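For reference, structure08.cif (mmCIF, C-alpha atoms):
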```cif
data_final
loop_
_atom_site.group_PDB
_atom_site.id
_atom_site.type_symbol
_atom_site.label_atom_id
_atom_site.label_comp_id
_atom_site.auth_asym_id
_atom_site.auth_seq_id
_atom_site.Cartn_x
_atom_site.Cartn_y
_atom_site.Cartn_z
ATOM 1 C CA MET A 1 21.318 40.498 40.930
ATOM 2 C CA ASN A 2 22.937 37.864 43.186
ATOM 3 C CA ASP A 3 24.943 34.928 41.903
ATOM 4 C CA ASP A 4 22.061 32.419 42.151
ATOM 5 C CA ALA A 5 19.697 34.589 40.162
ATOM 6 C CA ARG A 6 22.422 35.398 37.654
ATOM 7 C CA LEU A 7 23.182 31.715 37.236
ATOM 8 C CA GLN A 8 19.523 30.965 36.580
ATOM 9 C CA ASP A 9 19.308 33.849 34.147
ATOM 10 C CA ILE A 10 22.253 32.550 32.146
ATOM 11 C CA ALA A 11 20.867 28.992 32.298
ATOM 12 C CA LYS A 12 17.565 30.169 30.809
ATOM 13 C CA ARG A 13 19.416 31.640 27.838
ATOM 14 C CA LEU A 14 21.688 28.640 27.446
ATOM 15 C CA GLY A 15 21.117 26.937 24.114
ATOM 16 C CA ALA A 16 18.441 29.429 23.105
ATOM 17 C CA ARG A 17 20.175 30.544 19.909
ATOM 18 C CA ALA A 18 20.862 26.959 18.849
ATOM 19 C CA ALA A 19 17.211 26.138 19.470
ATOM 20 C CA GLU A 20 16.070 29.177 17.469
ATOM 21 C CA ARG A 21 18.015 27.931 14.470
ATOM 22 C CA LEU A 22 16.125 24.654 14.554
ATOM 23 C CA ASP A 23 13.656 24.273 11.681
ATOM 24 C CA VAL A 24 10.755 22.786 13.616
ATOM 25 C CA ASP A 25 8.582 21.938 10.602
ATOM 26 C CA GLN A 26 11.422 20.174 8.904
ATOM 27 C CA MET A 27 12.221 18.372 12.144
ATOM 28 C CA ALA A 28 8.621 17.166 12.453
ATOM 29 C CA ARG A 29 8.700 15.846 8.890
ATOM 30 C CA ALA A 30 12.039 14.127 9.506
ATOM 31 C CA VAL A 31 10.740 12.486 12.689
ATOM 32 C CA VAL A 32 7.593 11.185 11.004
ATOM 33 C CA GLU A 33 9.661 9.923 8.058
ATOM 34 C CA GLY A 34 12.065 8.243 10.461
ATOM 35 C CA LEU A 35 9.211 6.523 12.263
ATOM 36 C CA ARG A 36 7.784 5.309 8.948
ATOM 37 C CA GLU A 37 11.116 4.013 7.682
ATOM 38 C CA GLN A 38 12.127 2.257 10.883
ATOM 39 C CA PRO A 39 8.995 0.873 12.491
ATOM 40 C CA ALA A 40 9.195 0.106 16.175
ATOM 41 C CA ALA A 41 11.143 -3.043 16.866
ATOM 42 C CA ARG A 42 8.849 -5.603 18.399
ATOM 43 C CA PRO A 43 10.311 -7.592 21.270
ATOM 44 C CA SER A 44 10.964 -10.573 18.998
ATOM 45 C CA TRP A 45 14.420 -10.875 20.527
ATOM 46 C CA ILE A 46 12.738 -12.519 23.476
ATOM 47 C CA GLN A 47 11.788 -15.463 21.286
ATOM 48 C CA ALA A 48 15.101 -16.157 19.691
ATOM 49 C CA PRO A 49 18.587 -16.353 21.201
ATOM 50 C CA TRP A 50 17.809 -14.816 24.585
ATOM 51 C CA LEU A 51 15.109 -17.357 25.267
ATOM 52 C CA ARG A 52 17.525 -20.177 24.448
ATOM 53 C CA ILE A 53 20.219 -18.693 26.656
ATOM 54 C CA ALA A 54 17.743 -18.297 29.520
ATOM 55 C CA ALA A 55 16.552 -21.908 29.102
ATOM 56 C CA ALA A 56 20.146 -23.185 29.069
ATOM 57 C CA LEU A 57 20.897 -21.233 32.240
ATOM 58 C CA VAL A 58 17.816 -22.620 33.997
ATOM 59 C CA ILE A 59 18.814 -26.179 33.031
ATOM 60 C CA LEU A 60 22.404 -25.651 34.186
ATOM 61 C CA VAL A 61 21.488 -24.078 37.505
ATOM 62 C CA GLY A 62 18.670 -26.569 38.144
ATOM 63 C CA GLY A 63 20.941 -29.516 37.305
ATOM 64 C CA ALA A 64 23.676 -28.218 39.568
ATOM 65 C CA LEU A 65 21.233 -27.805 42.449
ATOM 66 C CA LEU A 66 19.778 -31.285 41.925
ATOM 67 C CA ALA A 67 23.240 -32.873 41.772
ATOM 68 C CA ARG A 68 24.200 -31.078 44.947
ATOM 69 C CA GLN A 69 21.130 -32.382 46.754
ATOM 70 C CA LEU A 70 21.611 -35.974 45.571
ATOM 71 C CA ALA A 71 25.334 -36.177 46.291
ATOM 72 C CA PRO A 72 26.159 -37.641 49.750
ATOM 73 C CA SER A 73 27.228 -34.937 52.038
ATOM 74 C CA ARG A 74 30.453 -35.385 54.014
ATOM 75 C CA ASP A 75 29.133 -33.003 56.605
ATOM 76 C CA GLU A 76 26.088 -35.171 57.193
ATOM 77 C CA GLY A 77 28.177 -38.321 57.910
ATOM 78 C CA HIS A 78 30.411 -36.322 60.136
ATOM 79 C CA ALA A 79 27.402 -35.042 62.092
ATOM 80 C CA VAL A 80 26.048 -38.570 62.671
ATOM 81 C CA ALA A 81 29.448 -39.769 63.935
ATOM 82 C CA HIS A 82 29.582 -36.787 66.217
ATOM 83 C CA LEU A 83 26.159 -37.644 67.748
ATOM 84 C CA VAL A 84 27.155 -41.311 68.365
ATOM 85 C CA THR A 85 30.351 -40.138 70.079
ATOM 86 C CA ASP A 86 28.290 -37.877 72.333
ATOM 87 C CA ASP A 87 25.999 -40.776 73.296
ATOM 88 C CA LEU A 88 28.903 -43.090 74.099
ATOM 89 C CA ARG A 89 30.550 -40.457 76.242
ATOM 90 C CA ASP A 90 27.527 -40.537 78.579
ATOM 91 C CA LEU A 91 27.879 -44.294 79.286
ATOM 92 C CA SER A 92 29.652 -45.757 82.300
ATOM 93 C CA ALA A 93 32.556 -48.215 81.946
ATOM 94 C CA ASP A 94 30.254 -51.190 82.601
ATOM 95 C CA GLN A 95 27.714 -50.019 80.082
ATOM 96 C CA LEU A 96 30.444 -49.518 77.478
ATOM 97 C CA ARG A 97 31.750 -52.990 78.124
ATOM 98 C CA GLN A 98 28.241 -54.347 77.656
ATOM 99 C CA VAL A 99 27.852 -52.531 74.366
ATOM 100 C CA LEU A 100 31.167 -53.905 73.128
ATOM 101 C CA ASN A 101 30.156 -57.439 74.117
ATOM 102 C CA THR A 102 26.865 -57.030 72.350
ATOM 103 C CA LEU A 103 28.645 -55.864 69.227
ATOM 104 C CA ASP A 104 31.098 -58.754 69.378
ATOM 105 C CA GLU A 105 28.294 -61.247 69.771
ATOM 106 C CA ALA A 106 26.252 -59.687 67.013
ATOM 107 C CA LEU A 107 29.260 -59.816 64.667
ATOM 108 C CA GLU A 108 29.970 -63.371 65.675
ATOM 109 C CA SER A 109 26.390 -64.404 65.089
ATOM 110 C CA GLY A 110 26.472 -62.597 61.718
ATOM 111 C CA ARG A 111 29.477 -64.644 60.727
ATOM 112 C CA THR A 112 27.950 -67.978 61.753
ATOM 113 C CA ALA A 113 24.355 -67.384 60.697
ATOM 114 C CA PRO A 114 23.639 -67.302 56.964
ATOM 115 C CA SER A 115 21.479 -64.499 55.700
ATOM 116 C CA ASP A 116 18.446 -66.735 55.135
ATOM 117 C CA SER A 117 18.566 -68.188 58.678
ATOM 118 C CA THR A 118 15.664 -67.699 61.086
ATOM 119 C CA LEU A 119 15.465 -67.394 64.887
ATOM 120 C CA ASP A 120 14.781 -71.114 65.043
ATOM 121 C CA ASP A 121 18.304 -71.737 63.759
ATOM 122 C CA LEU A 122 19.956 -69.869 66.640
ATOM 123 C CA ASP A 123 21.163 -71.616 69.776
ATOM 124 C CA GLU A 124 20.390 -70.344 73.252
ATOM 125 C CA GLN A 125 23.545 -68.254 73.598
ATOM 126 C CA LEU A 126 23.000 -66.410 70.328
ATOM 127 C CA LEU A 127 19.351 -65.795 71.077
ATOM 128 C CA ARG A 128 20.361 -64.272 74.393
ATOM 129 C CA ALA A 129 22.885 -62.041 72.623
ATOM 130 C CA VAL A 130 20.279 -60.835 70.147
ATOM 131 C CA LEU A 131 17.781 -60.159 72.900
ATOM 132 C CA ARG A 132 20.389 -58.252 74.855
ATOM 133 C CA SER A 133 21.235 -56.140 71.820
ATOM 134 C CA LEU A 134 17.568 -55.396 71.232
ATOM 135 C CA GLU A 135 17.178 -54.305 74.839
ATOM 136 C CA GLY A 136 19.876 -51.755 74.131
ATOM 137 C CA MET B 1 -3.946 4.863 9.330
ATOM 138 C CA ALA B 2 -6.386 6.679 11.615
ATOM 139 C CA GLN B 3 -7.950 10.011 10.818
ATOM 140 C CA PRO B 4 -6.140 13.150 11.958
ATOM 141 C CA HIS B 5 -7.369 14.570 15.234
ATOM 142 C CA PRO B 6 -10.204 17.080 14.885
ATOM 143 C CA VAL B 7 -9.261 20.735 14.679
ATOM 144 C CA SER B 8 -10.510 22.667 17.657
ATOM 145 C CA ALA B 9 -10.137 26.153 19.053
ATOM 146 C CA GLU B 10 -8.731 24.673 22.273
ATOM 147 C CA PRO B 11 -5.234 23.273 21.910
ATOM 148 C CA LEU B 12 -5.192 19.555 22.584
ATOM 149 C CA LEU B 13 -3.380 18.378 25.671
ATOM 150 C CA ASP B 14 -0.214 16.390 25.170
ATOM 151 C CA ALA B 15 -2.031 13.339 26.530
ATOM 152 C CA ALA B 16 -4.661 13.607 23.790
ATOM 153 C CA LEU B 17 -1.972 13.953 21.125
ATOM 154 C CA ILE B 18 -0.135 10.956 22.527
ATOM 155 C CA ALA B 19 -3.314 8.901 22.441
ATOM 156 C CA ALA B 20 -3.946 10.038 18.872
ATOM 157 C CA TRP B 21 -0.384 9.085 17.878
ATOM 158 C CA GLN B 22 -0.858 5.667 19.449
ATOM 159 C CA ARG B 23 -3.927 5.224 17.267
ATOM 160 C CA GLY B 24 -1.716 5.956 14.263
ATOM 161 C CA ASP B 25 -2.282 9.684 13.773
ATOM 162 C CA GLU B 26 0.946 11.082 12.295
ATOM 163 C CA GLN B 27 -0.374 14.627 12.539
ATOM 164 C CA ALA B 28 -0.377 14.225 16.313
ATOM 165 C CA ALA B 29 3.323 13.347 16.176
ATOM 166 C CA THR B 30 3.980 16.437 14.069
ATOM 167 C CA GLU B 31 2.155 18.572 16.639
ATOM 168 C CA LEU B 32 4.113 17.097 19.546
ATOM 169 C CA VAL B 33 7.405 17.737 17.761
ATOM 170 C CA GLY B 34 6.324 21.317 17.108
ATOM 171 C CA ARG B 35 5.506 21.864 20.755
ATOM 172 C CA HIS B 36 8.629 20.442 22.312
ATOM 173 C CA ALA B 37 11.461 20.523 19.759
ATOM 174 C CA ARG B 38 12.910 23.894 20.786
ATOM 175 C CA ALA B 39 12.821 23.116 24.515
ATOM 176 C CA LEU B 40 14.515 19.823 23.780
ATOM 177 C CA ALA B 41 17.151 21.542 21.634
ATOM 178 C CA ARG B 42 17.856 24.048 24.420
ATOM 179 C CA PHE B 43 18.169 21.271 26.963
ATOM 180 C CA LEU B 44 20.509 19.251 24.740
ATOM 181 C CA ALA B 45 22.620 22.291 23.873
ATOM 182 C CA GLY B 46 22.855 23.165 27.577
ATOM 183 C CA ALA B 47 23.815 19.606 28.408
ATOM 184 C CA GLY B 48 26.740 19.788 25.990
ATOM 185 C CA ALA B 49 25.385 18.652 22.622
ATOM 186 C CA PRO B 50 27.634 19.900 19.820
ATOM 187 C CA GLU B 51 25.658 22.394 17.763
ATOM 188 C CA ALA B 52 26.533 20.580 14.541
ATOM 189 C CA ASP B 53 24.835 17.428 15.878
ATOM 190 C CA LEU B 54 21.867 19.114 17.522
ATOM 191 C CA ASP B 55 19.336 18.386 14.750
ATOM 192 C CA ASP B 56 20.275 14.712 14.665
ATOM 193 C CA LEU B 57 20.074 14.436 18.440
ATOM 194 C CA VAL B 58 16.664 16.100 18.579
ATOM 195 C CA GLN B 59 15.391 13.820 15.834
ATOM 196 C CA GLU B 60 16.794 10.693 17.467
ATOM 197 C CA THR B 61 15.274 11.676 20.808
ATOM 198 C CA PHE B 62 11.806 12.108 19.310
ATOM 199 C CA ILE B 63 12.017 8.835 17.415
ATOM 200 C CA ARG B 64 13.152 7.009 20.549
ATOM 201 C CA ALA B 65 10.375 8.648 22.562
ATOM 202 C CA PHE B 66 7.624 7.806 20.061
ATOM 203 C CA ARG B 67 8.810 4.223 19.872
ATOM 204 C CA SER B 68 8.716 3.773 23.614
ATOM 205 C CA MET B 69 5.521 5.742 24.110
ATOM 206 C CA ASP B 70 3.781 2.722 25.620
ATOM 207 C CA ARG B 71 6.113 3.126 28.626
ATOM 208 C CA PHE B 72 4.931 6.694 29.200
ATOM 209 C CA ARG B 73 1.997 6.526 31.575
ATOM 210 C CA GLY B 74 1.570 10.184 32.375
ATOM 211 C CA GLN B 75 3.664 9.887 35.545
ATOM 212 C CA CYS B 76 5.177 13.279 34.675
ATOM 213 C CA GLN B 77 4.773 15.817 31.903
ATOM 214 C CA PHE B 78 5.549 14.591 28.412
ATOM 215 C CA ARG B 79 8.218 17.267 28.065
ATOM 216 C CA THR B 80 10.064 16.199 31.213
ATOM 217 C CA TRP B 81 10.002 12.589 30.055
ATOM 218 C CA LEU B 82 11.191 13.639 26.599
ATOM 219 C CA LEU B 83 14.101 15.618 28.056
ATOM 220 C CA THR B 84 15.274 12.650 30.116
ATOM 221 C CA ILE B 85 15.247 10.538 26.946
ATOM 222 C CA GLY B 86 17.242 13.350 25.338
ATOM 223 C CA GLY B 87 19.771 13.000 28.160
ATOM 224 C CA ASN B 88 20.138 9.292 27.355
ATOM 225 C CA VAL B 89 20.490 9.976 23.643
ATOM 226 C CA LEU B 90 23.179 12.552 24.371
ATOM 227 C CA LYS B 91 25.002 10.114 26.637
ATOM 228 C CA ASP B 92 25.002 7.484 23.875
ATOM 229 C CA HIS B 93 26.176 10.102 21.414
ATOM 230 C CA GLY B 94 28.957 11.091 23.809
ATOM 231 C CA ARG B 95 30.106 7.486 23.965
ATOM 232 C CA ARG B 96 30.252 7.381 20.185
ATOM 233 C CA ALA B 97 31.895 10.721 19.672
ATOM 234 C CA SER B 98 33.885 10.729 22.954
ATOM 235 C CA ARG B 99 34.437 14.403 22.630
ATOM 236 C CA ARG B 100 32.262 17.301 23.579
ATOM 237 C CA LYS B 101 32.429 20.639 21.881
ATOM 238 C CA VAL B 102 31.459 23.829 23.607
ATOM 239 C CA MET B 103 30.436 26.461 21.100
ATOM 240 C CA PRO B 104 33.461 28.684 20.582
ATOM 241 C CA LEU B 105 33.032 32.223 21.747
ATOM 242 C CA ASP B 106 33.810 33.820 18.371
ATOM 243 C CA GLU B 107 31.031 31.761 16.788
ATOM 244 C CA ALA B 108 28.671 32.768 19.554
ATOM 245 C CA VAL B 109 29.482 36.410 19.179
ATOM 246 C CA ARG B 110 29.198 36.440 15.411
ATOM 247 C CA ASP B 111 25.413 36.638 15.126
ATOM 248 C CA GLY B 112 22.650 38.547 16.875
ATOM 249 C CA GLY B 113 21.836 42.214 17.388
ATOM 250 C CA GLY B 114 22.095 44.628 20.332
ATOM 251 C CA ASP B 115 25.071 46.178 21.999
ATOM 252 C CA PRO B 116 28.061 44.154 20.788
ATOM 253 C CA HIS B 117 29.883 44.524 24.108
ATOM 254 C CA GLU B 118 26.891 43.390 26.222
ATOM 255 C CA LEU B 119 26.180 40.625 23.762
ATOM 256 C CA ALA B 120 29.760 39.434 23.940
ATOM 257 C CA GLU B 121 29.693 39.457 27.743
ATOM 258 C CA ALA B 122 26.389 37.575 27.883
ATOM 259 C CA ARG B 123 27.637 34.931 25.510
ATOM 260 C CA GLU B 124 30.905 34.601 27.313
ATOM 261 C CA ALA B 125 28.951 33.904 30.513
ATOM 262 C CA GLU B 126 26.873 31.292 28.677
ATOM 263 C CA ALA B 127 29.992 29.637 27.330
ATOM 264 C CA ARG B 128 31.452 29.536 30.854
ATOM 265 C CA LEU B 129 28.260 28.040 32.241
ATOM 266 C CA ALA B 130 28.189 25.450 29.446
ATOM 267 C CA ALA B 131 31.800 24.551 30.226
ATOM 268 C CA GLY B 132 31.045 24.428 33.960
ATOM 269 C CA LEU B 133 28.080 22.124 33.363
ATOM 270 C CA GLN B 134 30.387 19.661 31.632
ATOM 271 C CA GLU B 135 32.340 19.361 34.872
ATOM 272 C CA LEU B 136 29.260 18.206 36.799
ATOM 273 C CA PRO B 137 28.079 14.624 37.203
ATOM 274 C CA ARG B 138 25.302 13.849 34.729
ATOM 275 C CA LEU B 139 22.523 13.753 37.324
ATOM 276 C CA GLN B 140 23.492 17.124 38.794
ATOM 277 C CA ARG B 141 23.733 18.618 35.302
ATOM 278 C CA GLU B 142 20.298 17.346 34.291
ATOM 279 C CA VAL B 143 18.652 18.399 37.538
ATOM 280 C CA PHE B 144 20.188 21.856 37.193
ATOM 281 C CA LEU B 145 18.988 22.245 33.595
ATOM 282 C CA LEU B 146 15.510 20.888 34.307
ATOM 283 C CA ARG B 147 15.175 23.317 37.213
ATOM 284 C CA ALA B 148 17.070 26.439 36.144
ATOM 285 C CA GLN B 149 16.674 26.297 32.379
ATOM 286 C CA GLN B 150 13.326 24.537 31.950
ATOM 287 C CA GLY B 151 11.651 25.707 35.152
ATOM 288 C CA PHE B 152 10.318 22.361 36.411
ATOM 289 C CA ASP B 153 9.612 21.879 40.099
ATOM 290 C CA TYR B 154 11.417 19.286 42.197
ATOM 291 C CA GLU B 155 8.444 16.890 42.271
ATOM 292 C CA GLU B 156 8.335 16.801 38.475
ATOM 293 C CA ILE B 157 12.110 16.393 38.194
ATOM 294 C CA ALA B 158 12.077 13.624 40.792
ATOM 295 C CA VAL B 159 9.505 11.580 38.870
ATOM 296 C CA ALA B 160 11.336 12.024 35.573
ATOM 297 C CA LEU B 161 14.714 11.052 37.007
ATOM 298 C CA ALA B 162 13.372 8.297 39.275
ATOM 299 C CA THR B 163 14.502 9.957 42.472
ATOM 300 C CA THR B 164 12.862 11.840 45.340
ATOM 301 C CA PRO B 165 12.069 15.564 45.438
ATOM 302 C CA GLY B 166 14.462 15.922 48.383
ATOM 303 C CA ALA B 167 17.281 14.253 46.466
ATOM 304 C CA ALA B 168 16.539 16.401 43.410
ATOM 305 C CA ARG B 169 16.785 19.500 45.598
ATOM 306 C CA VAL B 170 20.120 18.335 46.998
ATOM 307 C CA HIS B 171 21.458 17.629 43.492
ATOM 308 C CA TYR B 172 20.372 21.086 42.392
ATOM 309 C CA HIS B 173 22.062 22.821 45.303
ATOM 310 C CA HIS B 174 25.240 20.801 44.822
ATOM 311 C CA ALA B 175 25.203 21.782 41.142
ATOM 312 C CA VAL B 176 24.746 25.472 41.944
ATOM 313 C CA ARG B 177 27.516 25.435 44.521
ATOM 314 C CA ARG B 178 29.873 23.627 42.170
ATOM 315 C CA LEU B 179 29.051 25.978 39.288
ATOM 316 C CA LYS B 180 29.683 28.986 41.515
ATOM 317 C CA ASP B 181 33.035 27.486 42.486
ATOM 318 C CA LEU B 182 33.877 26.853 38.858
ATOM 319 C CA ILE B 183 32.703 30.100 37.328
ATOM 320 C CA GLY B 184 31.374 32.168 40.217
ATOM 321 C CA GLY B 185 33.949 34.933 40.072
ATOM 322 C CA LYS B 186 33.255 35.493 36.418
ATOM 323 C CA LEU B 187 29.465 35.548 36.496
#
```
Can I see the file as structure tokens?
Amino acid sequence: MNDDARLQDIAKRLGARAAERLDVDQMARAVVEGLREQPAARPSWIQAPWLRIAAALVILVGGALLARQLAPSRDEGHAVAHLVTDDLRDLSADQLRQVLNTLDEALESGRTAPSDSTLDDLDEQLLRAVLRSLEG
Amino acid sequence: MAQPHPVSAEPLLDAALIAAWQRGDEQAATELVGRHARALARFLAGAGAPEADLDDLVQETFIRAFRSMDRFRGQCQFRTWLLTIGGNVLKDHGRRASRRKVMPLDEAVRDGGGDPHELAEAREAEARLAAGLQELPRLQREVFLLRAQQGFDYEEIAVALATTPGAARVHYHHAVRRLKDLIGGKL
């Protein structure tokens, strides 16, 4: 008999004597008694503390996600500034000067014109500045 | 409580007994214990269950199995499923006891008939195999016992242990090689 077969032969006998000593009828009675005495636990645990813990976790995670979405993002502001810089880089010196003038005039007009003023209140120079800024 | 299952000349299949138990037939549970208790005891003893605790472990395994019977969907034989539950029960027991006892040789030799010398040699080999099995990872040990001791095929073992037949085969061969290394010269 080779080693493999011998190993299998020994394995088949392993525990056989211990199993022979087992009183099967008594075991069956003990099992049935045990099942009667300790009826199967229903999954009531789902309803009590675990459910509360799960709900608390959902609220916490959901709240954190919502707060994260509502909070202003530094990255977003940085991205906008980056795009404006790119646009300005494409302009010629004259165009840049024009933009700066437009900004100056718009700021100046903002200082002089009250918030409830209309176009009728603007003089010719300011109107021209606004039109120029609208033309881009 | 439902009526006991009808007595018939043909032995009922495990599936029929399980269905009867689920309808509340205690006699069906008794029958299932009678059919599988010794195989379970052999498996547990082979897997390292201390003999003094064997009855309790067998009982606990059956109770656990009957209580979770709704999870058994006939994916493998009832016995294979029962033995894997036995493996879990033994693992939990091991955590509690944290010590495993291999049956001492003198105790093994004490009883039984036949040629005392041959008997002693056979039991010494069993004790060595039992000790060698304790050196294996749990999965290898269980695959080896399910295959070599209980005679299940790899497909059956794979379903019971939630693995593939190929992986079960590899675990078995690793177990055999390791056991030969551990005890091979003394087989």
Considering all atoms listed in the file, extract the chain B residues located within 9 Å of chain A and return them as an mmCIF file with C-alpha atoms, in the coordinates of the input.
```cif
data_model
loop_
_atom_site.group_PDB
_atom_site.id
_atom_site.type_symbol
_atom_site.label_atom_id
_atom_site.label_comp_id
_atom_site.auth_asym_id
_atom_site.auth_seq_id
_atom_site.Cartn_x
_atom_site.Cartn_y
_atom_site.Cartn_z
ATOM 1 C CA GLU B 26 0.946 11.082 12.295
ATOM 2 C CA GLN B 27 -0.374 14.627 12.539
ATOM 3 C CA ALA B 29 3.323 13.347 16.176
ATOM 4 C CA THR B 30 3.980 16.437 14.069
ATOM 5 C CA GLU B 31 2.155 18.572 16.639
ATOM 6 C CA LEU B 32 4.113 17.097 19.546
ATOM 7 C CA VAL B 33 7.405 17.737 17.761
ATOM 8 C CA GLY B 34 6.324 21.317 17.108
ATOM 9 C CA ARG B 35 5.506 21.864 20.755
ATOM 10 C CA ALA B 37 11.461 20.523 19.759
ATOM 11 C CA ARG B 38 12.910 23.894 20.786
ATOM 12 C CA ALA B 39 12.821 23.116 24.515
ATOM 13 C CA LEU B 40 14.515 19.823 23.780
ATOM 14 C CA ALA B 41 17.151 21.542 21.634
ATOM 15 C CA ARG B 42 17.856 24.048 24.420
ATOM 16 C CA PHE B 43 18.169 21.271 26.963
ATOM 17 C CA LEU B 44 20.509 19.251 24.740
ATOM 18 C CA ALA B 45 22.620 22.291 23.873
ATOM 19 C CA GLY B 46 22.855 23.165 27.577
ATOM 20 C CA ALA B 47 23.815 19.606 28.408
ATOM 21 C CA GLU B 51 25.658 22.394 17.763
ATOM 22 C CA LEU B 54 21.867 19.114 17.522
ATOM 23 C CA ASP B 55 19.336 18.386 14.750
ATOM 24 C CA VAL B 58 16.664 16.100 18.579
ATOM 25 C CA GLN B 59 15.391 13.820 15.834
ATOM 26 C CA GLU B 60 16.794 10.693 17.467
ATOM 27 C CA PHE B 62 11.806 12.108 19.310
ATOM 28 C CA ILE B 63 12.017 8.835 17.415
ATOM 29 C CA PHE B 66 7.624 7.806 20.061
ATOM 30 C CA ARG B 67 8.810 4.223 19.872
ATOM 31 C CA SER B 68 8.716 3.773 23.614
ATOM 32 C CA ALA B 108 28.671 32.768 19.554
ATOM 33 C CA GLY B 112 22.650 38.547 16.875
ATOM 34 C CA ALA B 122 26.389 37.575 27.883
ATOM 35 C CA ARG B 123 27.637 34.931 25.510
ATOM 36 C CA ALA B 125 28.951 33.904 30.513
ATOM 37 C CA GLU B 126 26.873 31.292 28.677
ATOM 38 C CA ALA B 127 29.992 29.637 27.330
ATOM 39 C CA LEU B 129 28.260 28.040 32.241
ATOM 40 C CA ALA B 130 28.189 25.450 29.446
ATOM 41 C CA PHE B 144 20.188 21.856 37.193
ATOM 42 C CA LEU B 145 18.988 22.245 33.595
ATOM 43 C CA ARG B 147 15.175 23.317 37.213
ATOM 44 C CA ALA B 148 17.070 26.439 36.144
ATOM 45 C CA GLN B 149 16.674 26.297 32.379
ATOM 46 C CA GLN B 150 13.326 24.537 31.950
ATOM 47 C CA GLY B 151 11.651 25.707 35.152
ATOM 48 C CA VAL B 176 24.746 25.472 41.944
ATOM 49 C CA LEU B 179 29.051 25.978 39.288
ATOM 50 C CA LYS B 180 29.683 28.986 41.515
ATOM 51 C CA GLY B 184 31.374 32.168 40.217
ATOM 52 C CA LEU B 187 29.465 35.548 36.496
#
```
The PyMOL selection byres ((chain B and resi 83-97) around 7) resolved against shown file, as an NGL selection string: :B and (40 or 44 or 49 or 57 or 61 or 65 or 79-82 or 98-99 or 160)
Test item: residues at most 9 Å from Leu182 of chain B, all atoms listed in the file, excluding those fewer than 5 positions along its chain, as a PyMOL selection string: chain B and resi 128-129+132+135+177
Give me segment 137-149 of chain B with N, CA and C atoms filled in, as an mmCIF file, keeping the file's coordinate frame.
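Wrote it out as result_21.cif, contents follow:
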```cif
data_model
loop_
_atom_site.group_PDB
_atom_site.id
_atom_site.type_symbol
_atom_site.label_atom_id
_atom_site.label_comp_id
_atom_site.auth_asym_id
_atom_site.auth_seq_id
_atom_site.Cartn_x
_atom_site.Cartn_y
_atom_site.Cartn_z
ATOM 1 N N PRO B 137 28.616 15.959 37.489
ATOM 2 C CA PRO B 137 28.079 14.624 37.203
ATOM 3 C C PRO B 137 26.767 14.776 36.421
ATOM 4 N N ARG B 138 26.453 13.746 35.637
ATOM 5 C CA ARG B 138 25.302 13.849 34.729
ATOM 6 C C ARG B 138 24.002 14.191 35.469
ATOM 7 N N LEU B 139 23.777 13.537 36.598
ATOM 8 C CA LEU B 139 22.523 13.753 37.324
ATOM 9 C C LEU B 139 22.415 15.198 37.801
ATOM 10 N N GLN B 140 23.502 15.722 38.343
ATOM 11 C CA GLN B 140 23.492 17.124 38.794
ATOM 12 C C GLN B 140 23.242 18.058 37.621
ATOM 13 N N ARG B 141 23.891 17.758 36.494
ATOM 14 C CA ARG B 141 23.733 18.618 35.302
ATOM 15 C C ARG B 141 22.278 18.630 34.845
ATOM 16 N N GLU B 142 21.672 17.423 34.784
ATOM 17 C CA GLU B 142 20.298 17.346 34.291
ATOM 18 C C GLU B 142 19.318 17.986 35.262
ATOM 19 N N VAL B 143 19.539 17.765 36.548
ATOM 20 C CA VAL B 143 18.652 18.399 37.538
ATOM 21 C C VAL B 143 18.767 19.918 37.423
ATOM 22 N N PHE B 144 19.994 20.405 37.294
ATOM 23 C CA PHE B 144 20.188 21.856 37.193
ATOM 24 C C PHE B 144 19.455 22.401 35.967
ATOM 25 N N LEU B 145 19.620 21.736 34.827
ATOM 26 C CA LEU B 145 18.988 22.245 33.595
ATOM 27 C C LEU B 145 17.466 22.154 33.669
ATOM 28 N N LEU B 146 16.973 21.035 34.208
ATOM 29 C CA LEU B 146 15.510 20.888 34.307
ATOM 30 C C LEU B 146 14.918 21.960 35.216
ATOM 31 N N ARG B 147 15.673 22.322 36.257
ATOM 32 C CA ARG B 147 15.175 23.317 37.213
ATOM 33 C C ARG B 147 15.436 24.750 36.708
ATOM 34 N N ALA B 148 16.701 25.044 36.432
ATOM 35 C CA ALA B 148 17.070 26.439 36.144
ATOM 36 C C ALA B 148 16.729 26.843 34.715
ATOM 37 N N GLN B 149 16.917 25.939 33.776
ATOM 38 C CA GLN B 149 16.674 26.297 32.379
ATOM 39 C C GLN B 149 15.221 26.058 31.975
#
```
